[in-house]
file my_file_14.cif (mmCIF, C-alpha atoms)
data_data
loop_
_atom_site.label_atom_id
_atom_site.label_comp_id
_atom_site.auth_asym_id
_atom_site.auth_seq_id
_atom_site.Cartn_x
_atom_site.Cartn_y
_atom_site.Cartn_z
CA MET H 1 78.33 -9.28 -7.50
CA VAL H 2 76.05 -10.78 -4.86
CA PRO H 3 73.69 -8.23 -3.32
CA LEU H 4 74.08 -7.62 0.39
CA PHE H 5 70.72 -9.03 1.45
CA SER H 6 70.50 -11.99 -0.97
CA LYS H 7 71.14 -14.74 1.59
CA TRP H 8 68.56 -13.31 3.96
CA PHE H 9 65.85 -13.65 1.32
CA TYR H 10 66.82 -16.94 -0.31
CA THR H 11 63.95 -18.69 1.48
CA PHE H 12 61.52 -16.55 -0.50
CA VAL H 13 63.15 -16.06 -3.91
CA VAL H 14 66.30 -17.05 -5.76
CA PHE H 15 67.38 -13.44 -6.06
CA VAL H 16 66.87 -10.23 -4.17
CA CYS H 17 64.12 -8.21 -5.79
CA LEU H 18 63.17 -4.58 -5.35
CA PHE H 19 59.92 -3.03 -6.45
CA VAL H 20 59.67 0.54 -7.71
CA CYS H 21 56.15 1.95 -7.82
CA GLU H 22 55.54 4.64 -10.48
CA CYS H 23 58.00 5.30 -13.24
CA GLY H 24 58.41 9.07 -13.49
CA LEU H 25 61.81 10.74 -13.10
CA ILE H 26 62.31 9.69 -9.47
CA GLY H 27 61.05 6.15 -10.05
CA ARG H 28 63.32 5.69 -13.07
CA SER H 29 66.27 7.12 -11.16
CA TRP H 30 65.69 4.73 -8.27
CA ALA H 31 65.55 1.81 -10.69
CA MET H 32 68.86 2.89 -12.24
CA VAL H 33 70.48 3.22 -8.81
CA PHE H 34 69.30 -0.21 -7.64
CA VAL H 35 70.31 -2.11 -10.80
CA SER H 36 73.72 -0.44 -10.69
CA GLY H 37 74.16 -2.25 -7.37
CA GLY H 38 73.22 -5.61 -8.89
CA TYR H 39 69.65 -5.85 -7.64
CA LYS H 40 66.75 -7.12 -9.71
CA VAL H 41 64.12 -4.40 -9.98
CA LYS H 42 60.47 -4.61 -10.94
CA ILE H 43 58.87 -1.37 -12.12
CA TYR H 44 55.12 -0.87 -11.79
CA ASP H 45 52.83 1.92 -12.96
CA ASN H 46 49.04 1.83 -12.83
CA GLN H 47 48.87 3.40 -16.29
CA PRO H 48 49.23 0.54 -18.82
CA GLY H 49 52.38 0.79 -20.91
CA GLN H 50 54.10 3.41 -18.76
CA ALA H 51 56.41 0.92 -17.06
CA ALA H 52 57.59 -0.34 -20.46
CA LYS H 53 58.22 3.23 -21.60
CA ALA H 54 60.24 3.79 -18.43
CA ILE H 55 62.58 0.93 -19.31
CA THR H 56 63.02 2.34 -22.81
CA GLU H 57 64.03 5.68 -21.28
CA ILE H 58 66.32 3.96 -18.76
CA ARG H 59 68.05 2.06 -21.56
CA LYS H 60 68.71 5.32 -23.38
CA GLN H 61 70.10 7.00 -20.27
CA LEU H 62 72.32 4.06 -19.32
CA GLU H 63 73.79 3.91 -22.82
CA GLU H 64 74.53 7.65 -22.70
CA LEU H 65 76.12 7.28 -19.28
CA GLN H 66 78.31 4.42 -20.47
CA GLN H 67 79.41 6.44 -23.49
CA ALA H 68 80.32 9.32 -21.17
CA GLN H 69 82.09 6.88 -18.81
CA MET H 70 79.71 7.87 -16.00
CA LEU H 71 77.88 4.57 -15.60
CA ARG H 72 77.59 3.54 -11.97
CA GLY H 73 78.41 0.07 -10.66
CA SER H 74 80.54 -2.78 -11.94
CA LEU H 75 77.95 -4.13 -14.38
CA GLY H 76 77.67 -3.10 -18.01
CA VAL H 77 74.52 -1.64 -19.58
CA SER H 78 73.22 -4.97 -20.88
CA GLU H 79 73.75 -6.62 -17.50
CA GLN H 80 71.92 -3.83 -15.69
CA LEU H 81 69.05 -3.85 -18.15
CA ALA H 82 68.70 -7.60 -17.68
CA LEU H 83 67.84 -6.93 -14.03
CA LEU H 84 64.87 -4.73 -14.97
CA SER H 85 61.32 -5.81 -15.69
CA CYS H 86 58.12 -3.84 -16.21
CA HIS H 87 54.67 -4.72 -14.89
CA ASP H 88 51.14 -3.41 -15.22
CA ASP H 89 49.75 -5.89 -12.67
CA LEU H 90 50.42 -4.93 -9.04
CA GLN H 91 50.29 -8.41 -7.55
CA GLN H 92 52.62 -9.80 -10.18
CA ALA H 93 55.02 -6.91 -9.71
CA LEU H 94 55.23 -7.45 -5.96
CA GLU H 95 56.03 -11.17 -6.11
CA GLY H 96 59.42 -11.79 -4.51
CA ALA H 97 59.99 -8.18 -3.46
CA PHE H 98 61.63 -7.43 -0.13
CA PHE H 99 61.77 -3.63 -0.49
CA VAL H 100 59.06 -1.43 -2.01
CA GLN H 101 60.04 2.09 -3.11
CA GLU H 102 57.00 4.24 -3.86
CA SER H 103 57.62 7.28 -6.07
CA VAL H 104 54.21 8.68 -6.98
CA PHE H 105 53.51 12.41 -7.01
CA GLU H 106 53.42 14.42 -3.78
CA GLU H 107 49.77 13.93 -2.92
CA LEU H 108 48.97 12.36 0.45
CA GLU H 109 45.81 10.56 -0.63
CA ALA H 110 47.58 8.99 -3.60
CA LYS H 111 50.46 7.69 -1.48
CA GLN H 112 48.12 6.37 1.21
CA SER H 113 46.09 4.51 -1.43
CA VAL H 114 49.22 3.02 -3.00
CA PHE H 115 50.53 1.65 0.28
CA GLN H 116 47.12 0.35 1.28
CA ALA H 117 46.99 -1.61 -1.97
CA VAL H 118 50.60 -2.78 -1.70
CA GLU H 119 50.20 -4.06 1.86
CA SER H 120 47.49 -6.50 0.80
CA HIS H 121 49.95 -8.24 -1.58
CA VAL H 122 53.15 -8.49 0.49
CA GLY H 123 54.32 -10.33 3.57
CA GLU H 124 54.96 -8.82 6.97
CA ASP H 125 58.73 -8.70 6.42
CA VAL H 126 58.61 -6.54 3.27
CA VAL H 127 59.86 -2.99 3.86
CA LEU H 128 57.55 -0.23 2.61
CA SER H 129 59.45 2.92 1.66
CA SER H 130 58.27 6.26 0.29
CA SER H 131 60.20 8.83 -1.75
CA THR H 132 58.18 11.76 -0.36
CA SER H 133 60.13 14.97 0.14
CA CYS H 134 57.79 16.65 2.62
CA LEU H 135 54.96 14.40 3.85
CA LEU H 136 55.37 12.99 7.35
CA PRO H 137 55.65 9.20 7.72
CA SER H 138 52.85 9.20 10.29
CA ASN H 139 50.54 10.58 7.60
CA VAL H 140 51.86 8.65 4.58
CA PHE H 141 51.55 5.29 6.34
CA SER H 142 48.41 6.03 8.37
CA ARG H 143 46.38 3.35 6.55
CA ILE H 144 49.00 0.64 6.94
CA GLN H 145 48.27 -2.08 9.49
CA ASN H 146 51.91 -2.94 10.23
CA ARG H 147 53.70 0.39 10.41
CA SER H 148 56.81 -1.05 12.06
CA ARG H 149 58.24 -1.86 8.58
CA CYS H 150 57.57 1.61 7.10
CA ILE H 151 60.18 4.28 6.35
CA ILE H 152 60.75 7.38 4.22
CA SER H 153 63.71 7.17 1.82
CA HIS H 154 63.82 10.71 0.46
CA PRO H 155 66.28 11.11 -2.43
CA VAL H 156 67.77 14.35 -3.67
CA ASN H 157 66.78 14.94 -7.27
CA PRO H 158 68.22 13.42 -9.40
CA PRO H 159 69.14 10.42 -7.21
CA TYR H 160 71.52 8.92 -9.78
CA TYR H 161 73.84 11.94 -9.57
CA VAL H 162 73.16 13.28 -6.05
CA ARG H 163 73.78 10.50 -3.55
CA LEU H 164 72.11 11.81 -0.40
CA VAL H 165 69.08 9.90 0.90
CA GLU H 166 67.19 11.00 4.01
CA LEU H 167 65.87 8.04 5.99
CA VAL H 168 62.95 9.14 8.16
CA PRO H 169 61.23 6.63 10.45
CA HIS H 170 57.57 6.35 11.32
CA PRO H 171 57.08 6.54 15.10
CA ASP H 172 56.51 2.76 15.00
CA THR H 173 59.43 1.89 12.71
CA VAL H 174 61.66 -0.77 14.28
CA PRO H 175 65.44 -0.24 14.30
CA ALA H 176 66.02 -3.26 12.04
CA VAL H 177 64.12 -1.56 9.21
CA MET H 178 66.21 1.59 9.53
CA GLU H 179 69.39 -0.51 9.46
CA LEU H 180 68.21 -2.51 6.44
CA ALA H 181 67.38 0.66 4.51
CA TYR H 182 70.67 2.25 5.53
CA GLY H 183 72.63 -0.81 4.46
CA LEU H 184 70.82 -1.10 1.15
CA MET H 185 71.30 2.57 0.26
CA THR H 186 74.96 2.42 1.21
CA GLU H 187 75.56 -0.72 -0.83
CA VAL H 188 74.09 0.74 -4.03
CA GLY H 189 76.31 3.81 -3.70
CA GLN H 190 73.98 6.34 -2.08
CA ALA H 191 74.87 8.40 1.01
CA PRO H 192 72.08 7.81 3.54
CA VAL H 193 71.52 9.90 6.66
CA ARG H 194 69.34 8.70 9.54
CA LEU H 195 66.81 11.06 11.11
CA ARG H 196 65.96 9.92 14.62
CA LYS H 197 62.34 11.03 14.34
CA GLU H 198 59.96 12.66 11.88
CA ILE H 199 59.83 16.43 11.47
CA ASP H 200 58.29 18.74 8.86
CA GLY H 201 60.69 19.27 5.97
CA PHE H 202 63.08 16.57 7.20
CA ALA H 203 66.69 17.86 7.37
CA LEU H 204 67.76 18.89 3.87
CA ASN H 205 64.74 21.06 3.12
CA ARG H 206 64.84 22.75 6.52
CA VAL H 207 68.46 23.77 5.94
CA GLN H 208 67.65 24.76 2.36
CA TYR H 209 64.64 26.85 3.39
CA ALA H 210 66.72 28.65 6.04
CA ILE H 211 69.25 29.64 3.36
CA ILE H 212 66.51 30.68 0.93
CA ALA H 213 64.70 32.73 3.60
CA GLU H 214 67.83 34.66 4.57
CA SER H 215 68.78 35.16 0.91
CA TRP H 216 65.37 36.70 0.23
CA ARG H 217 65.72 38.91 3.32
CA LEU H 218 69.09 40.25 2.21
CA VAL H 219 67.76 41.01 -1.28
CA LYS H 220 64.50 42.51 0.03
CA ASP H 221 66.35 44.81 2.46
CA GLY H 222 68.59 46.11 -0.30
CA ILE H 223 71.73 44.59 1.17
CA ILE H 224 72.76 42.61 -1.89
CA SER H 225 71.60 41.88 -5.45
CA VAL H 226 70.03 38.65 -6.62
CA GLU H 227 73.07 37.88 -8.76
CA ASP H 228 75.49 38.45 -5.90
CA ILE H 229 73.62 36.41 -3.30
CA ASP H 230 73.75 33.51 -5.74
CA LEU H 231 77.51 34.05 -6.03
CA VAL H 232 77.77 33.88 -2.23
CA MET H 233 76.64 30.27 -2.58
CA THR H 234 78.18 29.17 -5.89
CA GLU H 235 81.60 30.75 -5.31
CA GLY H 236 81.67 30.57 -1.51
CA LEU H 237 79.54 28.54 0.85
CA GLY H 238 78.43 26.10 -1.82
CA MET H 239 82.00 25.21 -2.74
CA ARG H 240 82.97 24.86 0.92
CA TYR H 241 79.95 22.79 1.87
CA ALA H 242 80.50 20.45 -1.06
CA PHE H 243 83.52 19.15 0.83
CA ILE H 244 82.92 19.93 4.49
CA GLY H 245 79.68 20.46 6.43
CA PRO H 246 78.81 23.46 8.65
CA ILE H 247 79.39 21.69 11.97
CA GLU H 248 82.77 20.30 10.90
CA THR H 249 83.70 23.73 9.53
CA MET H 250 83.05 25.30 12.93
CA HIS H 251 84.95 22.51 14.66
CA LEU H 252 88.05 22.99 12.48
CA ASN H 253 87.84 26.79 12.60
CA ALA H 254 88.45 27.11 16.35
CA PRO H 255 91.66 26.27 18.25
CA GLN H 256 89.85 24.00 20.69
CA GLY H 257 87.36 22.74 18.16
CA MET H 258 83.59 22.68 18.58
CA SER H 259 83.77 22.94 22.35
CA ARG H 260 85.30 26.41 21.94
CA VAL H 261 82.59 27.42 19.47
CA LEU H 262 79.85 26.37 21.87
CA LEU H 263 81.48 28.21 24.73
CA LEU H 264 81.55 31.35 22.61
CA LEU H 265 77.87 30.90 21.84
CA LEU H 266 77.06 30.32 25.47
CA PHE H 267 79.09 33.06 27.10
CA GLU H 268 80.43 35.66 24.66
CA TYR H 269 77.89 36.21 21.86
CA THR H 270 74.55 35.44 23.50
CA ASN H 271 73.09 38.92 23.13
CA SER H 272 74.09 39.53 19.52
CA ILE H 273 73.14 36.07 18.27
CA ALA H 274 69.92 35.89 20.26
CA THR H 275 68.56 38.93 18.47
CA SER H 276 69.50 37.68 15.00
CA PRO H 277 66.58 37.41 12.54
CA LEU H 278 68.20 34.19 11.34
CA LEU H 279 66.72 32.34 14.27
CA SER H 280 63.11 31.28 13.82
CA SER H 281 63.34 29.13 16.97
CA PRO H 282 63.21 30.61 20.50
CA PRO H 283 66.03 33.06 21.42
CA LEU H 284 69.39 31.58 22.21
CA PRO H 285 69.13 31.94 26.01
CA ARG H 286 66.28 29.45 25.98
CA ALA H 287 68.55 27.05 24.07
CA LEU H 288 71.36 27.23 26.61
CA PRO H 289 70.48 23.91 28.30
CA TRP H 290 70.52 22.20 24.89
CA LEU H 291 73.89 23.73 23.99
CA GLY H 292 75.21 22.70 27.36
CA ASP H 293 74.19 19.11 26.70
CA VAL H 294 75.92 19.18 23.31
CA LEU H 295 79.07 20.59 24.88
CA SER H 296 79.16 18.03 27.66
CA ASN H 297 78.67 15.18 25.16
CA MET H 298 81.54 16.45 23.01
CA ILE H 299 83.87 16.83 25.96
CA SER H 300 83.02 13.37 27.28
#
call {"tool": "encode", "arguments": {"input": "my_file_14.cif", "output": "structure tokens"}}
result
Amino acid sequence: MVPLFSKWFYTFVVFVCLFVCECGLIGRSWAMVFVSGGYKVKIYDNQPGQAAKAITEIRKQLEELQQAQMLRGSLGVSEQLALLSCHDDLQQALEGAFFVQESVFEELEAKQSVFQAVESHVGEDVVLSSSTSCLLPSNVFSRIQNRSRCIISHPVNPPYYVRLVELVPHPDTVPAVMELAYGLMTEVGQAPVRLRKEIDGFALNRVQYAIIAESWRLVKDGIISVEDIDLVMTEGLGMRYAFIGPIETMHLNAPQGMSRVLLLLLFEYTNSIATSPLLSSPPLPRALPWLGDVLSNMIS
């Protein structure tokens, strides 16, 4: 297969090349995802020998996946492995790269230092992407001179099996970078979602924390046991949400769809919902203008 962006980068290299910085679990998973889509991947780790060990581990995992008939992509194990290379030298690793995926541990100073070093070895058109799950782009890329090509590509662990990727822009990120990242993630089989601006926790963790917080409340108040609140998810909401999201569920659950749901929120259940401990944001009456905007957009 010919990777989606190959023609765009032929003036620089013969093939499209991705660069994965740090070869722990997330870094290895990213490498496996990218090679499954036919991209050449260079793996770098600042600890000598670690990148080579990562490829050894990747080879083992790919062979196990092929044996279990769970290997992703149209290429066989040997073909995917041929796309991988390991590097202990940063400059050498970055040669020919058009997309840099950093996957170091969740420490702001470490990520800032990595990107500062990377920027000095790549051209202005190379996309700089971080795997951070919680650090804001404005902080991660604060030492970068050209922040218009920076983006967060937050995978759900493990990325090879869970396809969601949250794409979070820096305030200076240009739309073309978001579209490139979205296209790349889609092509290699991930399921990217685009956040319009940065926010603490991004989207997935904010939803997850809301569920965790309410689960703890119900257990703490003696409403339900730990075992049973887990069953609420595994045998109820979790099974439903694996196929259909909460907004679509509400839309399909009302005769007139989401517009009916919003009208109920606006006019019939304001008092009861506004006092719910589920809401950490301002009470519902303060959100009425926002709900009205959503309703008018859906109707139009």
call {"tool": "resolve_selection", "arguments": {"input": "my_file_14.cif", "expression": "the PyMOL selection byres ((chain H and resi 238-247) around 12)", "output": "NGL selection string"}}
result
:H and (162 or 207-208 or 211 or 229-237 or 248-254 or 257-259 or 261-262)
call {"tool": "resolve_selection", "arguments": {"input": "my_file_14.cif", "expression": "the PyMOL selection byres ((chain H and resi 175) around 12)", "output": "list in words"}}
result
Ser148, Arg149, Cys150, Ile151, Leu167, Val168, Pro169, His170, Pro171, Asp172, Thr173, Val174, Ala176, Val177, Met178, Glu179, Leu180, Ala181, Tyr182, Arg194, Leu195, Arg196 and Lys197 of chain H
call {"tool": "write_last_selection", "arguments": {"input": "my_file_14.cif", "atoms": "C-alpha atoms", "output": "CSV table (one decimal), keeping the file's coordinate frame"}}
result
chain,number,residue,atom,x,y,z
H,148,SER,CA,56.8,-1.0,12.1
H,149,ARG,CA,58.2,-1.9,8.6
H,150,CYS,CA,57.6,1.6,7.1
H,151,ILE,CA,60.2,4.3,6.4
H,167,LEU,CA,65.9,8.0,6.0
H,168,VAL,CA,63.0,9.1,8.2
H,169,PRO,CA,61.2,6.6,10.4
H,170,HIS,CA,57.6,6.4,11.3
H,171,PRO,CA,57.1,6.5,15.1
H,172,ASP,CA,56.5,2.8,15.0
H,173,THR,CA,59.4,1.9,12.7
H,174,VAL,CA,61.7,-0.8,14.3
H,176,ALA,CA,66.0,-3.3,12.0
H,177,VAL,CA,64.1,-1.6,9.2
H,178,MET,CA,66.2,1.6,9.5
H,179,GLU,CA,69.4,-0.5,9.5
H,180,LEU,CA,68.2,-2.5,6.4
H,181,ALA,CA,67.4,0.7,4.5
H,182,TYR,CA,70.7,2.2,5.5
H,194,ARG,CA,69.3,8.7,9.5
H,195,LEU,CA,66.8,11.1,11.1
H,196,ARG,CA,66.0,9.9,14.6
H,197,LYS,CA,62.3,11.0,14.3
call {"tool": "resolve_selection", "arguments": {"input": "my_file_14.cif", "expression": "the PyMOL selection byres ((chain H and resi 125) around 8)", "output": "list in words"}}
result
Phe98, Gly123, Glu124, Val126, Val127 and Arg149 of chain H
call {"tool": "closest_residue", "arguments": {"input": "my_file_14.cif", "among": "H:Lys40, H:Arg72, H:Lys53, H:His87", "to": "Pro159 of chain H", "atoms": "all atoms listed in the file"}}
result
H:Arg72
call {"tool": "closest_residue", "arguments": {"input": "my_file_14.cif", "among": "H:Val41, H:Ala110, H:Ala51, H:Ala117", "to": "Ala82 of chain H", "atoms": "only C-alpha atoms"}}
result
H:Val41
call {"tool": "residues_around", "arguments": {"input": "my_file_14.cif", "residues": "Leu135 of chain H", "least_positions_apart": "3", "cutoff": "10 Å", "atoms": "only C-alpha atoms", "output": "ChimeraX atom specification"}}
result
/H:106-108,111,130-132,138-140,152,198-202
call {"tool": "atom_distance", "arguments": {"input": "my_file_14.cif", "atom1": "atom CA of Gln190 of chain H", "atom2": "atom CA of Gln145 of chain H"}}
result
29.4 Å
call {"tool": "atom_distance", "arguments": {"input": "my_file_14.cif", "atom1": "atom CA of Glu95 of chain H", "atom2": "atom CA of Val118 of chain H"}}
result
10.9 Å
call {"tool": "atom_distance", "arguments": {"input": "my_file_14.cif", "atom1": "atom CA of Ser36 of chain H", "atom2": "atom CA of Gln91 of chain H"}}
result
24.9 Å
